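Raw contents of run28.txt, compact mmCIF, N, CA and C atoms:
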```txt
# COMPACT_ATOMS: atom_id res chain seq x y z
N MET A 28 16.52 0.62 25.40
CA MET A 28 15.08 0.54 25.32
C MET A 28 14.64 -0.81 25.85
N GLY A 29 13.72 -0.80 26.77
CA GLY A 29 13.22 -2.03 27.36
C GLY A 29 12.17 -2.70 26.50
N SER A 30 11.84 -3.91 26.85
CA SER A 30 10.86 -4.70 26.12
C SER A 30 9.50 -4.02 26.10
N SER A 31 9.11 -3.45 27.23
CA SER A 31 7.81 -2.78 27.34
C SER A 31 7.75 -1.56 26.41
N GLU A 32 8.83 -0.80 26.36
CA GLU A 32 8.88 0.39 25.49
C GLU A 32 8.80 -0.02 24.02
N PHE A 33 9.53 -1.08 23.66
CA PHE A 33 9.51 -1.58 22.28
C PHE A 33 8.11 -2.03 21.88
N GLU A 34 7.44 -2.73 22.79
CA GLU A 34 6.07 -3.19 22.52
C GLU A 34 5.12 -2.02 22.35
N THR A 35 5.31 -0.96 23.13
CA THR A 35 4.47 0.23 22.99
C THR A 35 4.69 0.89 21.63
N ILE A 36 5.95 0.99 21.23
CA ILE A 36 6.28 1.57 19.92
C ILE A 36 5.67 0.72 18.81
N GLN A 37 5.79 -0.60 18.93
CA GLN A 37 5.20 -1.50 17.93
C GLN A 37 3.69 -1.28 17.82
N LEU A 38 3.03 -1.19 18.97
CA LEU A 38 1.58 -0.99 18.97
C LEU A 38 1.21 0.32 18.29
N LEU A 39 1.92 1.39 18.62
CA LEU A 39 1.63 2.69 18.01
C LEU A 39 1.88 2.65 16.50
N LEU A 40 2.95 1.98 16.09
CA LEU A 40 3.23 1.85 14.66
C LEU A 40 2.15 1.02 13.97
N ARG A 41 1.71 -0.07 14.62
CA ARG A 41 0.64 -0.90 14.04
C ARG A 41 -0.64 -0.09 13.85
N ILE A 42 -0.99 0.71 14.85
CA ILE A 42 -2.19 1.54 14.74
C ILE A 42 -2.04 2.56 13.62
N ALA A 43 -0.90 3.22 13.55
CA ALA A 43 -0.66 4.22 12.50
C ALA A 43 -0.71 3.57 11.11
N LEU A 44 -0.06 2.41 10.97
CA LEU A 44 -0.08 1.72 9.68
C LEU A 44 -1.48 1.25 9.33
N ALA A 45 -2.19 0.74 10.32
CA ALA A 45 -3.56 0.28 10.07
C ALA A 45 -4.42 1.43 9.57
N LEU A 46 -4.33 2.57 10.23
CA LEU A 46 -5.10 3.74 9.80
C LEU A 46 -4.72 4.16 8.38
N ALA A 47 -3.42 4.16 8.09
CA ALA A 47 -2.95 4.56 6.76
C ALA A 47 -3.43 3.59 5.69
N PHE A 48 -3.26 2.29 5.93
CA PHE A 48 -3.65 1.31 4.91
C PHE A 48 -5.17 1.27 4.73
N VAL A 49 -5.92 1.30 5.82
CA VAL A 49 -7.38 1.30 5.71
C VAL A 49 -7.85 2.57 4.99
N GLY A 50 -7.28 3.70 5.34
CA GLY A 50 -7.65 4.96 4.67
C GLY A 50 -7.35 4.93 3.19
N MET A 51 -6.17 4.45 2.83
CA MET A 51 -5.83 4.35 1.41
C MET A 51 -6.71 3.32 0.71
N GLY A 52 -7.02 2.24 1.40
CA GLY A 52 -7.89 1.23 0.82
C GLY A 52 -9.27 1.79 0.51
N ILE A 53 -9.80 2.56 1.43
CA ILE A 53 -11.11 3.18 1.22
C ILE A 53 -11.07 4.12 0.01
N ALA A 54 -9.95 4.81 -0.16
CA ALA A 54 -9.81 5.73 -1.30
C ALA A 54 -9.94 5.00 -2.63
N HIS A 55 -9.63 3.71 -2.66
CA HIS A 55 -9.73 2.93 -3.88
C HIS A 55 -11.18 2.79 -4.36
N PHE A 56 -12.13 3.11 -3.48
CA PHE A 56 -13.54 2.98 -3.84
C PHE A 56 -14.22 4.34 -4.06
N LEU A 57 -13.45 5.41 -3.96
CA LEU A 57 -13.97 6.74 -4.23
C LEU A 57 -13.72 7.06 -5.70
N PRO A 58 -14.71 7.56 -6.42
CA PRO A 58 -14.59 7.69 -7.88
C PRO A 58 -13.34 8.40 -8.39
N LYS A 59 -13.05 9.60 -7.90
CA LYS A 59 -11.92 10.35 -8.45
C LYS A 59 -10.58 9.68 -8.14
N PRO A 60 -10.29 9.33 -6.87
CA PRO A 60 -9.02 8.64 -6.61
C PRO A 60 -8.91 7.30 -7.35
N ALA A 61 -10.02 6.58 -7.45
CA ALA A 61 -9.98 5.28 -8.13
C ALA A 61 -9.63 5.45 -9.61
N ARG A 62 -10.17 6.49 -10.25
CA ARG A 62 -9.81 6.75 -11.66
C ARG A 62 -8.33 7.03 -11.80
N GLY A 63 -7.80 7.84 -10.88
CA GLY A 63 -6.36 8.15 -10.93
C GLY A 63 -5.51 6.92 -10.72
N MET A 64 -5.92 6.07 -9.79
CA MET A 64 -5.15 4.84 -9.53
C MET A 64 -5.22 3.90 -10.73
N ALA A 65 -6.38 3.80 -11.35
CA ALA A 65 -6.51 2.94 -12.54
C ALA A 65 -5.63 3.46 -13.67
N ALA A 66 -5.51 4.78 -13.77
CA ALA A 66 -4.73 5.38 -14.85
C ALA A 66 -3.24 5.09 -14.72
N ILE A 67 -2.73 4.92 -13.49
CA ILE A 67 -1.28 4.71 -13.35
C ILE A 67 -0.86 3.26 -13.53
N ILE A 68 -1.81 2.38 -13.77
CA ILE A 68 -1.42 0.99 -14.08
C ILE A 68 -0.75 1.01 -15.44
N PRO A 69 0.48 0.52 -15.51
CA PRO A 69 1.24 0.59 -16.77
C PRO A 69 0.51 -0.13 -17.91
N PRO A 70 0.64 0.40 -19.11
CA PRO A 70 -0.03 -0.22 -20.27
C PRO A 70 0.26 -1.71 -20.42
N ARG A 71 1.48 -2.14 -20.14
CA ARG A 71 1.84 -3.55 -20.31
C ARG A 71 1.11 -4.46 -19.32
N MET A 72 0.52 -3.87 -18.27
CA MET A 72 -0.18 -4.65 -17.26
C MET A 72 -1.70 -4.54 -17.40
N ARG A 73 -2.15 -3.84 -18.40
CA ARG A 73 -3.59 -3.63 -18.57
C ARG A 73 -4.21 -4.83 -19.28
N ARG A 74 -5.32 -5.26 -18.73
CA ARG A 74 -6.08 -6.37 -19.31
C ARG A 74 -7.56 -5.99 -19.27
N GLY A 75 -8.37 -6.79 -19.85
CA GLY A 75 -9.80 -6.58 -19.80
C GLY A 75 -10.43 -7.52 -18.79
N GLY A 76 -11.73 -7.41 -18.68
CA GLY A 76 -12.49 -8.33 -17.84
C GLY A 76 -12.11 -8.26 -16.37
N LEU A 77 -11.93 -9.42 -15.78
CA LEU A 77 -11.64 -9.51 -14.35
C LEU A 77 -10.38 -8.76 -13.95
N LEU A 78 -9.40 -8.68 -14.86
CA LEU A 78 -8.14 -8.00 -14.56
C LEU A 78 -8.08 -6.58 -15.11
N SER A 79 -9.23 -5.98 -15.31
CA SER A 79 -9.26 -4.60 -15.80
C SER A 79 -8.65 -3.67 -14.75
N PRO A 80 -8.13 -2.52 -15.17
CA PRO A 80 -7.56 -1.59 -14.21
C PRO A 80 -8.52 -1.23 -13.07
N ARG A 81 -9.77 -1.03 -13.38
CA ARG A 81 -10.76 -0.67 -12.36
C ARG A 81 -10.91 -1.80 -11.32
N ASN A 82 -10.96 -3.05 -11.80
CA ASN A 82 -11.07 -4.18 -10.89
C ASN A 82 -9.79 -4.37 -10.07
N LEU A 83 -8.64 -4.12 -10.69
CA LEU A 83 -7.38 -4.21 -9.95
C LEU A 83 -7.34 -3.17 -8.83
N VAL A 84 -7.85 -1.99 -9.11
CA VAL A 84 -7.90 -0.94 -8.08
C VAL A 84 -8.80 -1.38 -6.93
N ARG A 85 -9.95 -1.93 -7.26
CA ARG A 85 -10.85 -2.42 -6.20
C ARG A 85 -10.18 -3.53 -5.39
N PHE A 86 -9.56 -4.46 -6.09
CA PHE A 86 -8.89 -5.58 -5.41
C PHE A 86 -7.79 -5.07 -4.48
N THR A 87 -6.97 -4.14 -4.97
CA THR A 87 -5.90 -3.63 -4.11
C THR A 87 -6.47 -2.83 -2.94
N GLY A 88 -7.62 -2.20 -3.14
CA GLY A 88 -8.27 -1.51 -2.03
C GLY A 88 -8.68 -2.49 -0.94
N VAL A 89 -9.26 -3.60 -1.36
CA VAL A 89 -9.65 -4.65 -0.39
C VAL A 89 -8.40 -5.18 0.32
N CYS A 90 -7.31 -5.38 -0.44
CA CYS A 90 -6.06 -5.86 0.16
C CYS A 90 -5.55 -4.89 1.22
N GLU A 91 -5.59 -3.60 0.93
CA GLU A 91 -5.10 -2.62 1.90
C GLU A 91 -5.98 -2.57 3.14
N ILE A 92 -7.28 -2.62 2.95
CA ILE A 92 -8.18 -2.59 4.10
C ILE A 92 -7.98 -3.85 4.95
N ALA A 93 -7.97 -5.01 4.32
CA ALA A 93 -7.79 -6.27 5.05
C ALA A 93 -6.43 -6.31 5.75
N GLY A 94 -5.40 -5.88 5.05
CA GLY A 94 -4.06 -5.87 5.65
C GLY A 94 -3.97 -4.92 6.83
N GLY A 95 -4.54 -3.74 6.67
CA GLY A 95 -4.52 -2.77 7.77
C GLY A 95 -5.24 -3.30 9.00
N LEU A 96 -6.42 -3.86 8.79
CA LEU A 96 -7.16 -4.44 9.91
C LEU A 96 -6.43 -5.64 10.50
N GLY A 97 -5.83 -6.43 9.63
CA GLY A 97 -5.09 -7.60 10.09
C GLY A 97 -3.92 -7.26 11.00
N LEU A 98 -3.33 -6.09 10.81
CA LEU A 98 -2.22 -5.67 11.68
C LEU A 98 -2.69 -5.48 13.12
N LEU A 99 -3.98 -5.22 13.30
CA LEU A 99 -4.50 -4.94 14.64
C LEU A 99 -4.98 -6.18 15.38
N ILE A 100 -5.03 -7.30 14.67
CA ILE A 100 -5.53 -8.54 15.26
C ILE A 100 -4.35 -9.48 15.49
N GLU A 101 -4.07 -9.76 16.74
CA GLU A 101 -2.85 -10.51 17.11
C GLU A 101 -2.63 -11.78 16.28
N PRO A 102 -3.63 -12.66 16.12
CA PRO A 102 -3.36 -13.90 15.37
C PRO A 102 -3.05 -13.68 13.89
N THR A 103 -3.43 -12.52 13.34
CA THR A 103 -3.19 -12.27 11.91
C THR A 103 -2.10 -11.23 11.65
N ARG A 104 -1.51 -10.71 12.70
CA ARG A 104 -0.55 -9.61 12.57
C ARG A 104 0.61 -9.94 11.63
N VAL A 105 1.24 -11.08 11.82
CA VAL A 105 2.40 -11.43 10.99
C VAL A 105 1.98 -11.69 9.54
N ALA A 106 0.90 -12.44 9.36
CA ALA A 106 0.41 -12.71 8.00
C ALA A 106 0.02 -11.41 7.30
N ALA A 107 -0.63 -10.50 8.03
CA ALA A 107 -1.03 -9.23 7.44
C ALA A 107 0.20 -8.42 7.02
N ALA A 108 1.21 -8.39 7.86
CA ALA A 108 2.43 -7.64 7.53
C ALA A 108 3.10 -8.23 6.29
N ILE A 109 3.17 -9.55 6.23
CA ILE A 109 3.77 -10.20 5.05
C ILE A 109 2.95 -9.89 3.80
N ALA A 110 1.63 -10.00 3.91
CA ALA A 110 0.75 -9.72 2.77
C ALA A 110 0.90 -8.26 2.32
N LEU A 111 1.02 -7.34 3.25
CA LEU A 111 1.20 -5.93 2.88
C LEU A 111 2.55 -5.68 2.23
N ILE A 112 3.57 -6.40 2.66
CA ILE A 112 4.88 -6.29 2.01
C ILE A 112 4.78 -6.76 0.56
N VAL A 113 4.13 -7.90 0.35
CA VAL A 113 3.93 -8.41 -1.01
C VAL A 113 3.12 -7.40 -1.81
N PHE A 114 2.10 -6.84 -1.20
CA PHE A 114 1.28 -5.82 -1.84
C PHE A 114 2.13 -4.63 -2.30
N LEU A 115 2.98 -4.13 -1.40
CA LEU A 115 3.81 -2.97 -1.74
C LEU A 115 4.74 -3.26 -2.91
N VAL A 116 5.26 -4.46 -2.95
CA VAL A 116 6.12 -4.86 -4.07
C VAL A 116 5.29 -4.96 -5.36
N ALA A 117 4.09 -5.52 -5.24
CA ALA A 117 3.23 -5.72 -6.41
C ALA A 117 2.75 -4.42 -7.03
N VAL A 118 2.48 -3.40 -6.22
CA VAL A 118 1.96 -2.15 -6.77
C VAL A 118 3.08 -1.18 -7.16
N PHE A 119 4.32 -1.51 -6.85
CA PHE A 119 5.41 -0.58 -7.16
C PHE A 119 5.52 -0.27 -8.66
N PRO A 120 5.31 -1.24 -9.56
CA PRO A 120 5.39 -0.88 -11.00
C PRO A 120 4.44 0.25 -11.39
N ALA A 121 3.27 0.31 -10.79
CA ALA A 121 2.34 1.41 -11.10
C ALA A 121 2.91 2.73 -10.61
N ASN A 122 3.50 2.73 -9.42
CA ASN A 122 4.10 3.95 -8.89
C ASN A 122 5.31 4.37 -9.73
N ALA A 123 6.09 3.40 -10.17
CA ALA A 123 7.24 3.70 -11.03
C ALA A 123 6.78 4.28 -12.36
N TYR A 124 5.73 3.71 -12.92
CA TYR A 124 5.16 4.22 -14.17
C TYR A 124 4.70 5.67 -14.00
N ALA A 125 3.99 5.94 -12.92
CA ALA A 125 3.52 7.31 -12.67
C ALA A 125 4.70 8.26 -12.54
N SER A 126 5.78 7.82 -11.89
CA SER A 126 6.93 8.70 -11.70
C SER A 126 7.57 9.10 -13.02
N GLN A 127 7.40 8.29 -14.04
CA GLN A 127 7.97 8.58 -15.35
C GLN A 127 7.11 9.53 -16.19
N HIS A 128 5.89 9.82 -15.68
CA HIS A 128 4.96 10.65 -16.45
C HIS A 128 4.32 11.73 -15.57
N PRO A 129 5.15 12.63 -15.01
CA PRO A 129 4.60 13.67 -14.12
C PRO A 129 3.63 14.60 -14.83
N GLU A 130 3.82 14.80 -16.13
CA GLU A 130 2.93 15.68 -16.88
C GLU A 130 1.51 15.10 -16.96
N LYS A 131 1.41 13.80 -16.86
CA LYS A 131 0.12 13.12 -16.97
C LYS A 131 -0.53 12.87 -15.61
N PHE A 132 0.29 12.61 -14.57
CA PHE A 132 -0.24 12.16 -13.29
C PHE A 132 -0.10 13.16 -12.15
N GLY A 133 0.53 14.28 -12.38
CA GLY A 133 0.61 15.33 -11.36
C GLY A 133 1.17 14.85 -10.03
N LYS A 134 0.41 15.06 -8.95
CA LYS A 134 0.87 14.73 -7.59
C LYS A 134 1.12 13.24 -7.40
N ALA A 135 0.46 12.40 -8.16
CA ALA A 135 0.66 10.95 -8.04
C ALA A 135 2.02 10.54 -8.58
N ALA A 136 2.67 11.42 -9.32
CA ALA A 136 3.94 11.11 -9.95
C ALA A 136 5.11 11.47 -9.04
N ILE A 137 5.15 10.83 -7.89
CA ILE A 137 6.27 11.04 -6.97
C ILE A 137 7.53 10.52 -7.65
N PRO A 138 8.62 11.30 -7.64
CA PRO A 138 9.84 10.85 -8.31
C PRO A 138 10.26 9.44 -7.86
N PHE A 139 10.85 8.71 -8.79
CA PHE A 139 11.16 7.29 -8.59
C PHE A 139 11.95 7.00 -7.32
N TRP A 140 13.10 7.64 -7.14
CA TRP A 140 13.97 7.29 -6.01
C TRP A 140 13.34 7.60 -4.66
N PRO A 141 12.74 8.78 -4.47
CA PRO A 141 12.06 9.00 -3.18
C PRO A 141 10.93 7.99 -2.94
N ARG A 142 10.21 7.63 -3.99
CA ARG A 142 9.13 6.65 -3.86
C ARG A 142 9.70 5.29 -3.47
N LEU A 143 10.78 4.88 -4.13
CA LEU A 143 11.40 3.59 -3.81
C LEU A 143 11.89 3.58 -2.36
N ILE A 144 12.54 4.64 -1.95
CA ILE A 144 13.04 4.72 -0.57
C ILE A 144 11.88 4.67 0.42
N ALA A 145 10.81 5.39 0.12
CA ALA A 145 9.64 5.38 1.01
C ALA A 145 9.02 3.98 1.09
N GLN A 146 8.92 3.30 -0.06
CA GLN A 146 8.35 1.94 -0.06
C GLN A 146 9.23 1.01 0.77
N LEU A 147 10.54 1.11 0.62
CA LEU A 147 11.46 0.26 1.39
C LEU A 147 11.37 0.57 2.88
N ALA A 148 11.25 1.85 3.21
CA ALA A 148 11.10 2.22 4.62
C ALA A 148 9.80 1.66 5.19
N LEU A 149 8.75 1.75 4.42
CA LEU A 149 7.46 1.21 4.86
C LEU A 149 7.54 -0.31 5.05
N ILE A 150 8.23 -0.98 4.16
CA ILE A 150 8.45 -2.42 4.31
C ILE A 150 9.23 -2.69 5.60
N GLY A 151 10.23 -1.88 5.87
CA GLY A 151 11.01 -2.03 7.10
C GLY A 151 10.14 -1.86 8.35
N VAL A 152 9.24 -0.88 8.33
CA VAL A 152 8.35 -0.67 9.47
C VAL A 152 7.41 -1.85 9.61
N LEU A 153 6.93 -2.40 8.51
CA LEU A 153 6.07 -3.59 8.58
C LEU A 153 6.81 -4.77 9.21
N VAL A 154 8.07 -4.91 8.89
CA VAL A 154 8.87 -5.99 9.50
C VAL A 154 8.95 -5.77 11.02
N VAL A 155 9.18 -4.53 11.42
CA VAL A 155 9.29 -4.23 12.86
C VAL A 155 7.98 -4.53 13.58
N VAL A 156 6.84 -4.17 12.99
CA VAL A 156 5.58 -4.40 13.69
C VAL A 156 5.18 -5.86 13.68
N ALA A 157 5.76 -6.65 12.79
CA ALA A 157 5.42 -8.08 12.72
C ALA A 157 6.22 -8.90 13.71
N LEU A 158 7.30 -8.35 14.27
CA LEU A 158 8.15 -9.12 15.18
C LEU A 158 7.39 -9.62 16.38
```
Structure re-expressed in structure tokens:
Amino acid sequence: MGSSEFETIQLLLRIALALAFVGMGIAHFLPKPARGMAAIIPPRMRRGGLLSPRNLVRFTGVCEIAGGLGLLIEPTRVAAAIALIVFLVAVFPANAYASQHPEKFGKAAIPFWPRLIAQLALIGVLVVVAL
């Protein structure tokens, strides 16, 4: 694979990731998805006030939107990829919690190991697009 082909693949991956992260970020501000996301925050991580589950969902939505857009802007591409990797690590406890309670969270309760593998693969793709 030549340099030009690799750059084309990187660009297509950046666009796909940007669309995915921006789309998911927007979902954080829609009432029904936001309620579901707030519900999967583990009890040990729940706080009131500024760190309430609802505010955390909004904050992570902003992070996803900013990170997705940042992937498309050359000067911020690497920083955005790093920030999104940190984001994926930070939100994993909520996904792990949901996986332990499929009766409560339904489709959001993706089994632990497939979710972990998907998160790691996504991190790997972010590394590739940041090169």
Mind pulling up the distance from CA of Arg74 in chain A to CA of His128 in chain A? 20.5 Å
Which of these, A:Ser31, A:Trp140, A:Ala148, A:Ala47, has the shortest distance to Ile92 in chain A once you count only N, CA and C atoms?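 The shortest atom-to-atom distance to Ile92 in chain A comes from A:Ala47.
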For each of A:Leu46, A:Ala123, A:Ala61, A:Ile109, take the minimum atom-to-atom distance to Pro141 in chain A, counting only C-alpha atoms, then give the residue where this is smallest.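 Ranking A:Leu46, A:Ala123, A:Ala61, A:Ile109 by distance to Pro141 in chain A, first place goes to A:Ala123.
Nearest to Ala45 in chain A of all the residues A:Ile67, A:Ile144, A:Leu78, A:Leu98 is A:Leu98, based on all atoms listed in the file.
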Can you measure CA of Asn122 in chain A to CA of Ala136 in chain A for me? One decimal in Å is fine. 7.2 Å
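If you measure from each of A:Met28, A:Ala107, A:Ala121, A:Leu147 to Met64 in chain A using only N, CA and C atoms, the closest one turns out to be A:Ala121.
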Just give me the gap between atom N of Leu115 in chain A and atom N of Ile36 in chain A in Å, one decimal is fine. 23.4 Å
For Ala65 in chain A, work out the shell of residues within 7 Å, counting all atoms listed in the file and skipping chain neighbours fewer than 5 positions away, then give it as a list in words.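 Non-adjacent residues within range: Pro60, Pro80, Arg81 and Val84 of chain A.
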Using all atoms listed in the file, which residue out of A:Leu96, A:Ala125, A:Val49, A:Val105 lies closest to Ile68 in chain A?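 Selected residue with least distance to Ile68 in chain A: A:Ala125.
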Spatial neighbours of Leu44 in chain A, 10 Å, only C-alpha atoms, chain gap at least 5 places, as a ChimeraX atom specification: /A:38-39,49-50,94-96,98-99,108,149,152-153,156
Keeping only N, CA and C atoms, write those residues as an mmCIF file, keeping the file's coordinate frame.
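Resulting contents of again.cif:
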```cif
data_model
loop_
_atom_site.group_PDB
_atom_site.id
_atom_site.type_symbol
_atom_site.label_atom_id
_atom_site.label_comp_id
_atom_site.auth_asym_id
_atom_site.auth_seq_id
_atom_site.Cartn_x
_atom_site.Cartn_y
_atom_site.Cartn_z
ATOM 1 N N LEU A 38 3.030 -1.190 18.970
ATOM 2 C CA LEU A 38 1.580 -0.990 18.970
ATOM 3 C C LEU A 38 1.210 0.320 18.290
ATOM 4 N N LEU A 39 1.920 1.390 18.620
ATOM 5 C CA LEU A 39 1.630 2.690 18.010
ATOM 6 C C LEU A 39 1.880 2.650 16.500
ATOM 7 N N VAL A 49 -5.920 1.300 5.820
ATOM 8 C CA VAL A 49 -7.380 1.300 5.710
ATOM 9 C C VAL A 49 -7.850 2.570 4.990
ATOM 10 N N GLY A 50 -7.280 3.700 5.340
ATOM 11 C CA GLY A 50 -7.650 4.960 4.670
ATOM 12 C C GLY A 50 -7.350 4.930 3.190
ATOM 13 N N GLY A 94 -5.400 -5.880 5.050
ATOM 14 C CA GLY A 94 -4.060 -5.870 5.650
ATOM 15 C C GLY A 94 -3.970 -4.920 6.830
ATOM 16 N N GLY A 95 -4.540 -3.740 6.670
ATOM 17 C CA GLY A 95 -4.520 -2.770 7.770
ATOM 18 C C GLY A 95 -5.240 -3.300 9.000
ATOM 19 N N LEU A 96 -6.420 -3.860 8.790
ATOM 20 C CA LEU A 96 -7.160 -4.440 9.910
ATOM 21 C C LEU A 96 -6.430 -5.640 10.500
ATOM 22 N N LEU A 98 -3.330 -6.090 10.810
ATOM 23 C CA LEU A 98 -2.220 -5.670 11.680
ATOM 24 C C LEU A 98 -2.690 -5.480 13.120
ATOM 25 N N LEU A 99 -3.980 -5.220 13.300
ATOM 26 C CA LEU A 99 -4.500 -4.940 14.640
ATOM 27 C C LEU A 99 -4.980 -6.180 15.380
ATOM 28 N N ALA A 108 1.210 -8.390 7.860
ATOM 29 C CA ALA A 108 2.430 -7.640 7.530
ATOM 30 C C ALA A 108 3.100 -8.230 6.290
ATOM 31 N N LEU A 149 8.750 1.750 4.420
ATOM 32 C CA LEU A 149 7.460 1.210 4.860
ATOM 33 C C LEU A 149 7.540 -0.310 5.050
ATOM 34 N N VAL A 152 9.240 -0.880 8.330
ATOM 35 C CA VAL A 152 8.350 -0.670 9.470
ATOM 36 C C VAL A 152 7.410 -1.850 9.610
ATOM 37 N N LEU A 153 6.930 -2.400 8.510
ATOM 38 C CA LEU A 153 6.070 -3.590 8.580
ATOM 39 C C LEU A 153 6.810 -4.770 9.210
ATOM 40 N N VAL A 156 6.840 -4.170 12.990
ATOM 41 C CA VAL A 156 5.580 -4.400 13.690
ATOM 42 C C VAL A 156 5.180 -5.860 13.680
#
```
